file my_file_24.tsv (TSV, C-alpha atoms and all ligand atoms)
chain	number	residue	atom	x	y	z
A	254	MET	CA	17.18	-31.78	-46.67
A	255	ARG	CA	18.46	-28.21	-46.64
A	256	ARG	CA	14.89	-26.99	-47.02
A	257	ALA	CA	13.80	-29.35	-44.21
A	258	LEU	CA	16.52	-27.88	-41.93
A	259	GLU	CA	15.36	-24.38	-42.86
A	260	LEU	CA	11.78	-25.30	-41.88
A	261	ALA	CA	12.94	-26.95	-38.64
A	262	ALA	CA	14.62	-23.70	-37.53
A	263	LYS	CA	11.23	-21.98	-37.48
A	264	GLY	CA	10.47	-23.77	-34.21
A	265	GLN	CA	13.37	-22.08	-32.37
A	266	GLY	CA	12.05	-20.52	-29.17
A	267	THR	CA	8.77	-22.46	-29.05
A	268	VAL	CA	9.66	-26.12	-29.53
A	269	SER	CA	11.78	-26.80	-26.41
A	270	PRO	CA	12.03	-29.26	-24.66
A	271	ASN	CA	11.38	-31.05	-27.96
A	272	PRO	CA	13.91	-30.98	-30.82
A	273	LEU	CA	13.60	-28.81	-33.93
A	274	VAL	CA	12.27	-30.93	-36.80
A	275	GLY	CA	11.47	-30.05	-40.40
A	276	CYS	CA	10.03	-32.26	-43.15
A	277	VAL	CA	9.69	-32.03	-46.93
A	278	ILE	CA	7.85	-34.45	-49.24
A	279	VAL	CA	9.07	-34.68	-52.83
A	280	TYR	CA	7.30	-36.23	-55.82
A	281	GLU	CA	9.34	-36.52	-59.03
A	282	GLY	CA	11.60	-33.57	-58.12
A	283	THR	CA	8.79	-31.30	-56.93
A	284	ILE	CA	8.02	-30.42	-53.32
A	285	ILE	CA	4.39	-31.41	-52.70
A	286	GLY	CA	4.33	-31.07	-48.90
A	287	GLU	CA	6.17	-29.28	-46.09
A	288	GLY	CA	5.91	-29.10	-42.33
A	289	PHE	CA	7.78	-28.41	-39.11
A	290	HIS	CA	7.31	-29.06	-35.41
A	291	TYR	CA	6.13	-25.88	-33.69
A	292	LYS	CA	5.53	-26.83	-30.07
A	293	ALA	CA	5.65	-29.81	-27.70
A	294	GLY	CA	2.24	-31.50	-27.81
A	295	ALA	CA	1.46	-30.14	-31.30
A	296	PRO	CA	1.71	-32.45	-34.37
A	297	HIS	CA	5.17	-33.54	-35.45
A	298	ALA	CA	6.83	-32.25	-38.63
A	299	GLU	CA	6.12	-35.43	-40.63
A	300	ILE	CA	2.37	-35.26	-39.86
A	301	ASN	CA	2.19	-31.56	-40.77
A	302	ALA	CA	4.01	-32.29	-44.05
A	303	ILE	CA	1.75	-35.28	-44.91
A	304	GLU	CA	-1.41	-33.29	-44.10
A	305	SER	CA	-0.24	-30.43	-46.32
A	306	VAL	CA	-0.16	-32.67	-49.43
A	307	LYS	CA	-3.20	-31.95	-51.63
A	308	ASN	CA	-3.10	-35.11	-53.72
A	309	ARG	CA	-2.42	-37.86	-51.17
A	310	ALA	CA	-2.38	-40.48	-53.95
A	311	LEU	CA	1.10	-39.20	-54.85
A	312	LEU	CA	2.50	-40.16	-51.43
A	313	THR	CA	3.19	-43.80	-52.38
A	314	HIS	CA	5.55	-42.57	-55.11
A	315	SER	CA	7.20	-39.82	-53.02
A	316	THR	CA	10.30	-39.40	-50.85
A	317	LEU	CA	9.95	-37.93	-47.39
A	318	TYR	CA	12.95	-35.92	-46.12
A	319	VAL	CA	13.02	-35.37	-42.37
A	320	THR	CA	15.70	-33.80	-40.13
A	321	LEU	CA	15.23	-36.26	-37.23
A	322	GLU	CA	14.44	-39.97	-37.22
A	323	PRO	CA	10.62	-40.41	-37.16
A	324	CYS	CA	9.35	-41.37	-33.71
A	325	ALA	CA	8.26	-44.90	-32.83
A	326	HIS	CA	6.47	-44.33	-29.53
A	327	PHE	CA	3.07	-43.11	-28.38
A	328	GLY	CA	3.87	-39.82	-26.67
A	329	LYS	CA	1.52	-36.83	-26.75
A	330	THR	CA	0.91	-37.84	-30.38
A	331	PRO	CA	0.90	-41.27	-32.16
A	332	PRO	CA	4.16	-42.50	-33.77
A	333	CYS	CA	5.14	-40.84	-37.05
A	334	ALA	CA	6.87	-44.01	-38.29
A	335	LEU	CA	3.45	-45.76	-38.25
A	336	ARG	CA	1.79	-42.94	-40.17
A	337	ILE	CA	4.54	-43.09	-42.81
A	338	ILE	CA	3.92	-46.84	-43.15
A	339	GLU	CA	0.13	-46.31	-43.32
A	340	GLU	CA	0.53	-43.71	-46.06
A	341	LYS	CA	2.72	-46.23	-47.97
A	342	ILE	CA	5.55	-43.73	-48.47
A	343	LYS	CA	8.31	-45.72	-50.17
A	344	ARG	CA	11.45	-43.82	-49.27
A	345	VAL	CA	12.47	-41.83	-46.19
A	346	VAL	CA	15.67	-39.77	-45.96
A	347	VAL	CA	16.77	-38.86	-42.42
A	348	CYS	CA	19.35	-36.33	-41.24
A	349	ASN	CA	19.96	-37.29	-37.56
A	350	ARG	CA	19.17	-40.41	-35.59
A	351	ASP	CA	17.04	-39.48	-32.56
A	352	PRO	CA	19.17	-40.04	-29.41
A	353	PHE	CA	16.00	-40.03	-27.28
A	354	GLU	CA	15.82	-43.48	-25.66
A	355	GLN	CA	12.27	-44.27	-26.79
A	356	VAL	CA	13.23	-43.70	-30.44
A	357	ASN	CA	17.00	-44.22	-30.99
A	358	GLY	CA	16.88	-46.48	-34.06
A	359	LYS	CA	13.41	-47.90	-33.34
A	360	GLY	CA	11.68	-45.55	-35.81
A	361	THR	CA	14.03	-46.61	-38.60
A	362	ALA	CA	13.71	-50.31	-37.69
A	363	LEU	CA	9.91	-50.09	-37.72
A	364	MET	CA	9.83	-48.51	-41.18
A	365	GLU	CA	12.45	-50.89	-42.64
A	366	LYS	CA	10.51	-53.89	-41.33
A	367	ALA	CA	7.47	-52.60	-43.20
A	368	GLY	CA	9.49	-52.36	-46.43
A	369	VAL	CA	10.22	-48.62	-46.43
A	370	GLU	CA	13.66	-47.71	-47.82
A	371	VAL	CA	15.41	-45.57	-45.16
A	372	ILE	CA	18.56	-43.52	-45.79
A	373	THR	CA	20.14	-41.84	-42.74
A	374	GLY	CA	22.96	-39.38	-42.01
A	375	VAL	CA	22.25	-36.86	-44.78
A	376	LEU	CA	23.65	-33.41	-43.73
A	377	GLU	CA	24.22	-34.93	-40.30
A	378	GLN	CA	26.59	-32.19	-39.06
A	379	GLU	CA	24.22	-29.39	-40.09
A	380	GLY	CA	21.44	-31.18	-38.21
A	381	ARG	CA	23.54	-31.54	-35.07
A	382	THR	CA	24.44	-27.84	-35.18
A	383	LEU	CA	20.79	-26.84	-35.61
A	384	ASN	CA	19.71	-29.07	-32.70
A	385	ARG	CA	22.79	-28.38	-30.56
A	386	ARG	CA	20.67	-27.54	-27.51
A	387	PHE	CA	18.73	-30.82	-27.73
A	388	PHE	CA	21.81	-33.00	-28.40
A	389	THR	CA	23.84	-31.35	-25.60
A	390	SER	CA	21.00	-31.87	-23.15
A	391	ILE	CA	20.53	-35.56	-24.02
A	392	GLU	CA	24.21	-36.46	-24.44
A	393	LYS	CA	25.85	-34.30	-21.73
A	394	GLN	CA	22.92	-34.15	-19.31
A	395	ARG	CA	23.21	-30.37	-18.94
A	396	PRO	CA	21.83	-27.32	-20.77
A	397	TYR	CA	23.62	-25.85	-23.80
A	398	VAL	CA	25.51	-22.82	-22.45
A	399	ILE	CA	25.80	-19.55	-24.39
A	400	LEU	CA	27.91	-16.79	-22.81
A	401	LYS	CA	27.09	-13.28	-24.01
A	402	TRP	CA	28.53	-9.91	-23.15
A	403	ALA	CA	29.33	-6.53	-24.67
A	404	LYS	CA	32.59	-4.62	-24.48
A	405	SER	CA	33.72	-1.18	-25.52
A	406	LEU	CA	36.23	-0.67	-28.33
A	407	ASP	CA	38.95	-0.42	-25.68
A	408	GLY	CA	37.91	-3.65	-23.94
A	409	PHE	CA	35.72	-2.65	-20.96
A	410	MET	CA	32.35	-4.16	-20.09
A	411	ASP	CA	31.28	-1.36	-17.75
A	412	ILE	CA	32.34	2.13	-16.65
A	413	GLN	CA	34.21	2.63	-13.40
A	414	ARG	CA	31.69	3.12	-10.57
A	415	LEU	CA	33.77	4.66	-7.78
A	416	THR	CA	30.79	6.12	-5.94
A	417	GLY	CA	28.56	3.09	-6.53
A	418	GLU	CA	26.27	4.84	-9.05
A	419	LYS	CA	23.52	2.63	-10.46
A	420	GLY	CA	21.91	2.18	-13.87
A	421	SER	CA	23.15	0.30	-16.93
A	422	PHE	CA	25.65	1.95	-19.25
A	423	PRO	CA	24.71	1.00	-22.83
A	424	ILE	CA	27.74	-0.15	-24.83
A	425	THR	CA	26.02	-1.26	-28.05
A	426	GLY	CA	23.27	0.30	-30.18
A	427	LEU	CA	19.47	-0.08	-30.12
A	428	HIS	CA	19.43	-2.47	-33.05
A	429	THR	CA	21.83	-4.76	-31.20
A	430	ARG	CA	19.65	-4.62	-28.09
A	431	ARG	CA	16.73	-5.87	-30.15
A	432	LEU	CA	18.91	-8.71	-31.45
A	433	VAL	CA	19.85	-9.63	-27.87
A	434	HIS	CA	16.15	-9.77	-26.95
A	435	LYS	CA	15.61	-12.11	-29.92
A	436	TRP	CA	18.44	-14.29	-28.57
A	437	ARG	CA	16.74	-14.31	-25.15
A	438	SER	CA	13.48	-15.49	-26.74
A	439	GLU	CA	15.33	-18.41	-28.35
A	440	GLU	CA	16.68	-19.93	-25.12
A	441	ASP	CA	14.97	-21.66	-22.21
A	442	ALA	CA	16.71	-19.63	-19.49
A	443	ILE	CA	18.78	-16.49	-18.96
A	444	LEU	CA	21.23	-16.19	-16.06
A	445	VAL	CA	23.09	-13.35	-14.28
A	446	GLY	CA	25.05	-12.80	-11.06
A	447	TYR	CA	23.48	-10.70	-8.29
A	448	ASN	CA	25.81	-7.74	-8.77
A	449	THR	CA	24.49	-7.20	-12.29
A	450	ILE	CA	21.00	-6.98	-10.75
A	451	ILE	CA	22.22	-4.44	-8.18
A	452	VAL	CA	24.14	-2.28	-10.66
A	453	ASP	CA	22.08	-2.51	-13.86
A	454	ASP	CA	18.66	-3.49	-12.43
A	455	PRO	CA	17.70	-5.36	-15.64
A	456	GLN	CA	14.27	-6.88	-16.35
A	457	LEU	CA	15.78	-9.79	-18.27
A	458	ASN	CA	12.76	-10.09	-20.55
A	459	THR	CA	12.13	-9.78	-24.30
A	460	ARG	CA	10.34	-6.43	-24.45
A	461	TYR	CA	12.08	-5.36	-27.70
A	462	TYR	CA	11.21	-8.58	-29.51
A	463	SER	CA	7.98	-10.48	-29.96
A	464	GLY	CA	9.13	-13.81	-28.52
A	465	LYS	CA	8.54	-15.63	-25.26
A	466	ASN	CA	10.29	-14.64	-22.02
A	467	PRO	CA	12.84	-17.19	-20.85
A	468	LEU	CA	13.05	-18.46	-17.29
A	469	ARG	CA	15.15	-15.92	-15.37
A	470	VAL	CA	17.93	-17.25	-13.15
A	471	VAL	CA	19.96	-15.23	-10.64
A	472	ILE	CA	22.98	-16.30	-8.58
A	473	ASP	CA	22.65	-14.62	-5.20
A	474	PRO	CA	24.76	-16.60	-2.71
A	475	LYS	CA	24.25	-14.35	0.32
A	476	GLY	CA	20.69	-13.18	-0.32
A	477	GLU	CA	21.64	-9.60	-1.27
A	478	LEU	CA	18.60	-8.98	-3.47
A	479	ASP	CA	15.10	-7.87	-2.47
A	480	GLU	CA	11.69	-7.07	-3.98
A	481	SER	CA	12.79	-3.62	-5.10
A	482	HIS	CA	14.70	-5.04	-8.08
A	483	LYS	CA	12.90	-5.01	-11.42
A	484	VAL	CA	13.67	-8.65	-12.10
A	485	PHE	CA	11.26	-9.57	-9.27
A	486	GLN	CA	8.55	-7.18	-10.38
A	487	VAL	CA	7.58	-8.94	-13.62
A	488	ASP	CA	5.00	-11.73	-13.31
A	489	THR	CA	7.17	-14.53	-14.63
A	490	LYS	CA	9.26	-16.94	-12.68
A	491	VAL	CA	12.73	-16.22	-11.26
A	492	VAL	CA	14.96	-19.00	-9.94
A	493	VAL	CA	17.44	-17.78	-7.31
A	494	PHE	CA	20.52	-19.85	-6.41
A	495	THR	CA	21.43	-19.14	-2.78
A	496	ASP	CA	23.72	-20.63	-0.12
A	497	VAL	CA	21.70	-23.07	2.01
A	498	GLN	CA	21.79	-20.86	5.14
A	499	TYR	CA	20.15	-17.98	3.23
A	500	GLN	CA	17.79	-20.27	1.37
A	501	GLU	CA	16.16	-21.18	4.69
A	502	LYS	CA	15.35	-17.52	5.33
A	503	SER	CA	13.95	-16.93	1.86
A	504	THR	CA	10.24	-17.25	1.18
A	505	PRO	CA	9.36	-18.83	-2.15
A	506	ASN	CA	6.15	-17.83	-3.94
A	507	LYS	CA	4.46	-18.43	-7.30
A	508	PHE	CA	7.11	-16.36	-9.08
A	509	ARG	CA	10.16	-17.17	-6.96
A	510	GLU	CA	11.97	-20.43	-6.43
A	511	TYR	CA	15.12	-20.85	-4.32
A	512	LEU	CA	17.65	-23.54	-5.15
A	513	PRO	CA	20.76	-24.42	-3.14
A	514	LEU	CA	24.23	-23.38	-4.21
A	515	GLN	CA	27.33	-25.27	-3.13
A	516	LYS	CA	30.93	-25.69	-4.21
A	517	ASP	CA	31.54	-26.34	-7.92
A	518	SER	CA	28.71	-23.91	-8.37
A	519	VAL	CA	28.71	-23.91	-12.19
A	520	GLY	CA	28.24	-27.69	-12.20
A	521	VAL	CA	25.54	-27.52	-9.49
A	522	ILE	CA	23.65	-24.74	-11.25
A	523	LEU	CA	23.66	-26.55	-14.59
A	524	GLU	CA	22.66	-29.83	-12.99
A	525	SER	CA	19.69	-28.17	-11.22
A	526	LEU	CA	18.60	-26.42	-14.43
A	527	HIS	CA	18.84	-29.72	-16.31
A	528	GLN	CA	16.60	-31.36	-13.69
A	529	LYS	CA	14.06	-28.60	-14.37
A	530	GLY	CA	14.08	-29.49	-18.08
A	531	VAL	CA	16.08	-26.42	-19.19
A	532	ARG	CA	17.78	-27.29	-22.48
A	533	SER	CA	19.71	-24.02	-22.96
A	534	VAL	CA	20.87	-21.05	-20.91
A	535	LEU	CA	22.06	-17.61	-22.01
A	536	VAL	CA	24.56	-16.27	-19.44
A	537	GLU	CA	24.56	-12.47	-19.63
A	538	GLY	CA	27.01	-11.46	-16.95
A	539	GLY	CA	28.55	-9.85	-15.11
A	540	ARG	CA	32.28	-10.29	-15.31
A	541	TYR	CA	32.61	-12.63	-12.30
A	542	THR	CA	29.79	-14.90	-13.41
A	543	LEU	CA	31.04	-15.14	-17.00
A	544	SER	CA	34.60	-15.77	-15.78
A	545	GLN	CA	33.38	-18.65	-13.56
A	546	PHE	CA	31.81	-20.33	-16.59
A	547	ILE	CA	34.91	-19.72	-18.74
A	548	ALA	CA	37.23	-21.07	-16.00
A	549	SER	CA	35.07	-24.17	-15.51
A	550	GLY	CA	35.33	-24.93	-19.24
A	551	VAL	CA	31.60	-25.76	-19.24
A	552	TRP	CA	30.31	-23.53	-21.98
A	553	ASP	CA	29.43	-24.15	-25.62
A	554	GLU	CA	29.19	-20.81	-27.40
A	555	VAL	CA	30.27	-17.21	-26.80
A	556	ARG	CA	28.59	-14.21	-28.43
A	557	LEU	CA	30.85	-11.23	-27.88
A	558	LEU	CA	29.62	-7.80	-28.97
A	559	THR	CA	31.96	-4.85	-29.38
A	560	GLY	CA	30.37	-1.40	-29.40
A	561	GLN	CA	31.75	1.78	-30.93
A	562	LYS	CA	32.54	3.65	-27.70
A	563	HIS	CA	35.75	4.06	-25.72
A	564	ILE	CA	35.28	3.83	-21.94
A	565	LEU	CA	38.96	4.54	-20.99
A	566	THR	CA	38.73	2.98	-17.55
A	567	GLY	CA	36.32	0.52	-15.96
A	568	MET	CA	35.56	-3.18	-15.65
A	569	PRO	CA	37.71	-5.18	-18.08
A	570	SER	CA	36.08	-7.68	-20.42
A	571	PRO	CA	36.53	-11.37	-19.38
A	572	ASP	CA	39.56	-13.11	-20.89
A	573	LEU	CA	38.97	-15.47	-23.77
A	574	THR	CA	42.09	-16.79	-25.47
A	575	LEU	CA	40.50	-18.17	-28.62
A	576	SER	CA	39.85	-17.01	-32.15
A	577	PRO	CA	36.28	-16.31	-33.25
A	578	VAL	CA	34.65	-18.70	-35.71
A	579	GLU	CA	32.37	-16.01	-37.16
A	580	VAL	CA	32.64	-12.22	-37.25
A	581	THR	CA	29.77	-10.01	-38.44
A	582	GLN	CA	28.58	-6.42	-38.08
A	583	VAL	CA	25.28	-5.54	-36.40
A	584	ASP	CA	24.36	-1.94	-37.08
A	585	GLY	CA	27.94	-0.74	-36.57
A	586	ASP	CA	28.64	-3.06	-33.61
A	587	ARG	CA	30.87	-6.09	-34.07
A	588	LEU	CA	29.62	-9.59	-33.26
A	589	GLU	CA	32.09	-12.41	-32.73
A	590	ILE	CA	30.96	-16.01	-32.24
A	591	TYR	CA	33.18	-18.58	-30.54
A	592	TYR	CA	32.56	-22.29	-30.00
A	593	ASN	CA	34.22	-24.27	-27.23
A	594	PRO	CA	36.82	-26.49	-28.94
A	595	LEU	CA	36.81	-29.00	-26.05
B	601	LIG	N1	28.81	-5.38	-20.75
B	601	LIG	C1	28.04	-6.38	-20.44
B	601	LIG	O1	27.69	-7.20	-21.31
B	601	LIG	C2	27.59	-6.58	-19.04
B	601	LIG	C3	26.64	-7.55	-18.75
B	601	LIG	C4	26.26	-7.75	-17.43
B	601	LIG	C5	26.84	-6.99	-16.44
B	601	LIG	N2	27.78	-6.05	-16.75
B	601	LIG	C6	28.40	-5.28	-15.70
B	601	LIG	O2	29.06	-6.21	-14.86
B	601	LIG	C7	29.08	-5.71	-13.54
B	601	LIG	C8	28.67	-6.81	-12.60
B	601	LIG	O3	29.63	-7.85	-12.70
B	601	LIG	P1	30.30	-8.45	-11.40
B	601	LIG	O4	31.43	-9.30	-11.86
B	601	LIG	O5	30.59	-7.35	-10.46
B	601	LIG	O6	29.13	-9.27	-10.76
B	601	LIG	P2	28.15	-10.45	-11.23
B	601	LIG	O7	28.88	-11.43	-12.06
B	601	LIG	O8	26.91	-9.85	-11.74
B	601	LIG	O9	27.80	-11.08	-9.81
B	601	LIG	C9	28.88	-11.61	-9.11
B	601	LIG	C10	28.46	-12.32	-7.86
B	601	LIG	O10	27.55	-13.36	-8.17
B	601	LIG	C11	27.90	-14.51	-7.42
B	601	LIG	N3	28.27	-15.56	-8.37
B	601	LIG	C12	28.37	-15.44	-9.71
B	601	LIG	N4	28.71	-16.63	-10.26
B	601	LIG	C13	28.81	-17.50	-9.24
B	601	LIG	C14	29.13	-18.86	-9.16
B	601	LIG	N5	29.40	-19.58	-10.25
B	601	LIG	N6	29.16	-19.45	-7.94
B	601	LIG	C15	28.90	-18.73	-6.85
B	601	LIG	N7	28.58	-17.43	-6.86
B	601	LIG	C16	28.54	-16.83	-8.03
B	601	LIG	C17	29.08	-14.14	-6.53
B	601	LIG	O11	28.54	-13.74	-5.27
B	601	LIG	P3	29.41	-13.76	-3.90
B	601	LIG	O12	30.47	-12.76	-4.07
B	601	LIG	O13	28.43	-13.41	-2.84
B	601	LIG	O14	29.96	-15.15	-3.76
B	601	LIG	C18	29.67	-12.97	-7.26
B	601	LIG	O15	30.32	-12.06	-6.43
B	601	LIG	C19	28.17	-4.50	-13.53
B	601	LIG	O16	28.98	-3.36	-13.48
B	601	LIG	C20	27.44	-4.57	-14.82
B	601	LIG	O17	27.16	-3.29	-15.33
B	601	LIG	C21	28.15	-5.82	-18.03
B	602	ZN	ZN	6.92	-38.05	-34.50
call {"tool": "encode", "arguments": {"input": "my_file_24.tsv", "output": "structure tokens"}}
result
Amino acid sequence: MRRALELAAKGQGTVSPNPLVGCVIVYEGTIIGEGFHYKAGAPHAEINAIESVKNRALLTHSTLYVTLEPCAHFGKTPPCALRIIEEKIKRVVVCNRDPFEQVNGKGTALMEKAGVEVITGVLEQEGRTLNRRFFTSIEKQRPYVILKWAKSLDGFMDIQRLTGEKGSFPITGLHTRRLVHKWRSEEDAILVGYNTIIVDDPQLNTRYYSGKNPLRVVIDPKGELDESHKVFQVDTKVVVFTDVQYQEKSTPNKFREYLPLQKDSVGVILESLHQKGVRSVLVEGGRYTLSQFIASGVWDEVRLLTGQKHILTGMPSPDLTLSPVEVTQVDGDRLEIYYNPL
């Protein structure tokens, strides 16, 4: 099952809105087949694993390990539970039950009815952690929220800009920037407040990593931004949350969509993103935006980077009164990971 979880993780960044799934087929203690789910619409992990087995005659005497309950419905592909039955696989070991309504126990029931021995709940917690975006989306009806920012050694997230000078001030190293672009490629959406766009003029893409670009989301209540900002100059979509009165004046196009912002804005934003099928969002600042998420309590994970510079005076890092769960070094910078205990 650990190997199956390892395989499942390979789909991170391509598989959404589907869950990550890995599968291993074992005959007398030897792995004879492996597979994972790469992309929605592409074959499921179980099918890839079955098809990878050279001697199919061994299947009837093998155990299939899969990280999510095999599906029981005709979606873009036929049900995996049926294929397992057809291949006469005797034993199936499952990590997590699929909370998706069309499956949720039906895959297991189908296999058991056909005489397949099914064992569930193996490494269940590891599976839930791996698929935390998928489970949060189904169970909480909102995207999984990751807050990310960088601070200097003395606790500032930007220099003081008394004369309104523009341009981002790098706090962490180049290696860390590449890691952040990898993180971007792993999530469905990336979100910032409008002042970050005005001050830093970021592109919010993955140019230092070979992954997909996430959907870019900007909170711009009073319509302060215009075409001159880089975020609007790349040919991928930007969703802008704006107060209704400004939304009416804004012209949407192929690459720009305006959505209304009201009170309880964090809740409204997450609800709208959920409706669009966004399973995870990386919130990258600035201070006000991050603080709104922290104050609302609606966040799941924080990735806090500390660079090696002192800034002396500037914009203080948002307050987080928790202890990190993990602390690592990234090329001299410090990375702390926090999970919301609530
Ligand atoms: N070190 C880092 O990791 C990092 C990352 C990003 C940015 N930064 C720095 O942070 C600074 C920008 O931060 P900032 O705090 O000034 O601005 P910001 O968070 O980028 O944007 C703030 C504005 O966005 C709107 N907004 C954000 N969240 C909202 C919500 N939930 N509901 C309604 N409106 C919301 C508000 O607009 P209204 O005021 O119109 O209501 C707010 O004033 C820059 O200096 C930038 O360099 C640092
Ligand atoms: Zn399936």
call {"tool": "closest_residue", "arguments": {"input": "my_file_24.tsv", "among": "A:Gly408, A:Pro467, A:Pro513, A:Gly266", "to": "Pro571 (chain A)", "atoms": "all atoms listed in the file"}}
result
A:Gly408
call {"tool": "residues_near_ligand", "arguments": {"input": "my_file_24.tsv", "ligand": "ligand LIG 601 (chain B)", "cutoff": "7 Å", "atoms": "all atoms listed in the file", "output": "ChimeraX atom specification"}}
result
/A:401-404,410-411,421-422,424,445-450,452-453,472-475,518-519,537-543,545-546,568
call {"tool": "closest_atom_pairs", "arguments": {"input": "my_file_24.tsv", "of": "region 274-358 of chain A", "to": "region 382-396 of chain A", "cutoff": "12 Å", "atoms": "all atoms listed in the file", "output": "Markdown table"}}
result
| residue | atom | partner | partner_atom | distance |
| --- | --- | --- | --- | --- |
| A:Val274 | CA | A:Asn384 | CA | 8.7 |
| A:Gly275 | CA | A:Leu383 | CA | 11.0 |
| A:Thr320 | CA | A:Asn384 | CA | 9.7 |
| A:Leu321 | CA | A:Asn384 | CA | 9.6 |
| A:Cys348 | CA | A:Leu383 | CA | 11.1 |
| A:Asn349 | CA | A:Asn384 | CA | 9.6 |
| A:Arg350 | CA | A:Phe388 | CA | 10.7 |
| A:Asp351 | CA | A:Phe388 | CA | 9.1 |
| A:Pro352 | CA | A:Ile391 | CA | 7.1 |
| A:Phe353 | CA | A:Ile391 | CA | 7.2 |
| A:Glu354 | CA | A:Ile391 | CA | 9.4 |
| A:Asn357 | CA | A:Ile391 | CA | 11.7 |
call {"tool": "write_last_selection", "arguments": {"input": "my_file_24.tsv", "atoms": "C-alpha atoms", "output": "mmCIF file, in the coordinates of the input"}}
result
data_model
loop_
_atom_site.group_PDB
_atom_site.id
_atom_site.type_symbol
_atom_site.label_atom_id
_atom_site.label_comp_id
_atom_site.auth_asym_id
_atom_site.auth_seq_id
_atom_site.Cartn_x
_atom_site.Cartn_y
_atom_site.Cartn_z
ATOM 1 C CA VAL A 274 12.270 -30.930 -36.800
ATOM 2 C CA GLY A 275 11.470 -30.050 -40.400
ATOM 3 C CA THR A 320 15.700 -33.800 -40.130
ATOM 4 C CA LEU A 321 15.230 -36.260 -37.230
ATOM 5 C CA CYS A 348 19.350 -36.330 -41.240
ATOM 6 C CA ASN A 349 19.960 -37.290 -37.560
ATOM 7 C CA ARG A 350 19.170 -40.410 -35.590
ATOM 8 C CA ASP A 351 17.040 -39.480 -32.560
ATOM 9 C CA PRO A 352 19.170 -40.040 -29.410
ATOM 10 C CA PHE A 353 16.000 -40.030 -27.280
ATOM 11 C CA GLU A 354 15.820 -43.480 -25.660
ATOM 12 C CA ASN A 357 17.000 -44.220 -30.990
#
call {"tool": "residues_near_ligand", "arguments": {"input": "my_file_24.tsv", "ligand": "ligand ZN 602 (chain B)", "cutoff": "6 Å", "atoms": "only C-alpha atoms and all ligand atoms", "output": "number ranges by chain"}}
result
A: 297, 323-324, 332-333
call {"tool": "residues_near_point", "arguments": {"input": "my_file_24.tsv", "point": "(14.6, -27.7, -15.5)", "cutoff": "12 Å", "atoms": "only C-alpha atoms", "output": "MDAnalysis selection string"}}
result
chainID A and resid 269:270 390 394:396 441:442 467:470 492 510 512 522:534
call {"tool": "atom_distance", "arguments": {"input": "my_file_24.tsv", "atom1": "CA of Phe289 (chain A)", "atom2": "CA of Leu312 (chain A)"}}
result
17.8 Å
call {"tool": "residues_around", "arguments": {"input": "my_file_24.tsv", "residues": "Gly550 (chain A)", "least_positions_apart": "4", "cutoff": "12 Å", "atoms": "only C-alpha atoms", "output": "JSON list (two decimals) with C-alpha atoms, in the frame of the given file"}}
result
[["chain", "number", "residue", "atom", "x", "y", "z"],
["A", 398, "VAL", "CA", 25.51, -22.82, -22.45],
["A", 400, "LEU", "CA", 27.91, -16.79, -22.81],
["A", 519, "VAL", "CA", 28.71, -23.91, -12.19],
["A", 520, "GLY", "CA", 28.24, -27.69, -12.20],
["A", 543, "LEU", "CA", 31.04, -15.14, -17.00],
["A", 544, "SER", "CA", 34.60, -15.77, -15.78],
["A", 545, "GLN", "CA", 33.38, -18.65, -13.56],
["A", 546, "PHE", "CA", 31.81, -20.33, -16.59],
["A", 554, "GLU", "CA", 29.19, -20.81, -27.40],
["A", 555, "VAL", "CA", 30.27, -17.21, -26.80],
["A", 573, "LEU", "CA", 38.97, -15.47, -23.77],
["A", 592, "TYR", "CA", 32.56, -22.29, -30.00],
["A", 593, "ASN", "CA", 34.22, -24.27, -27.23],
["A", 594, "PRO", "CA", 36.82, -26.49, -28.94],
["A", 595, "LEU", "CA", 36.81, -29.00, -26.05]]
call {"tool": "residues_around", "arguments": {"input": "my_file_24.tsv", "residues": "Asp488 (chain A)", "least_positions_apart": "2", "cutoff": "12 Å", "atoms": "all atoms listed in the file", "output": "list of chain:residue names"}}
result
A:Gln456, A:Asn458, A:Asn466, A:Leu468, A:Arg469, A:Lys483, A:Val484, A:Phe485, A:Gln486, A:Lys490, A:Val491, A:Asn506, A:Lys507, A:Phe508, A:Arg509
call {"tool": "atom_distance", "arguments": {"input": "my_file_24.tsv", "atom1": "CA of Ala261 (chain A)", "atom2": "CA of Arg431 (chain A)"}}
result
23.0 Å
call {"tool": "closest_residue", "arguments": {"input": "my_file_24.tsv", "among": "A:Leu317, A:Met254, A:Ile278, A:Val551", "to": "Ser305 (chain A)", "atoms": "only C-alpha atoms"}}
result
A:Ile278
call {"tool": "closest_residue", "arguments": {"input": "my_file_24.tsv", "among": "A:Ala548, A:Ile342, A:Leu273, A:Leu258", "to": "Val371 (chain A)", "atoms": "all atoms listed in the file"}}
result
A:Ile342
call {"tool": "atom_distance", "arguments": {"input": "my_file_24.tsv", "atom1": "CA of Pro272 (chain A)", "atom2": "CA of Glu370 (chain A)"}}
result
23.9 Å
call {"tool": "residues_around", "arguments": {"input": "my_file_24.tsv", "residues": "His563 (chain A)", "least_positions_apart": "5", "cutoff": "7 Å", "atoms": "all atoms listed in the file", "output": "ChimeraX atom specification"}}
result
/A:405-407
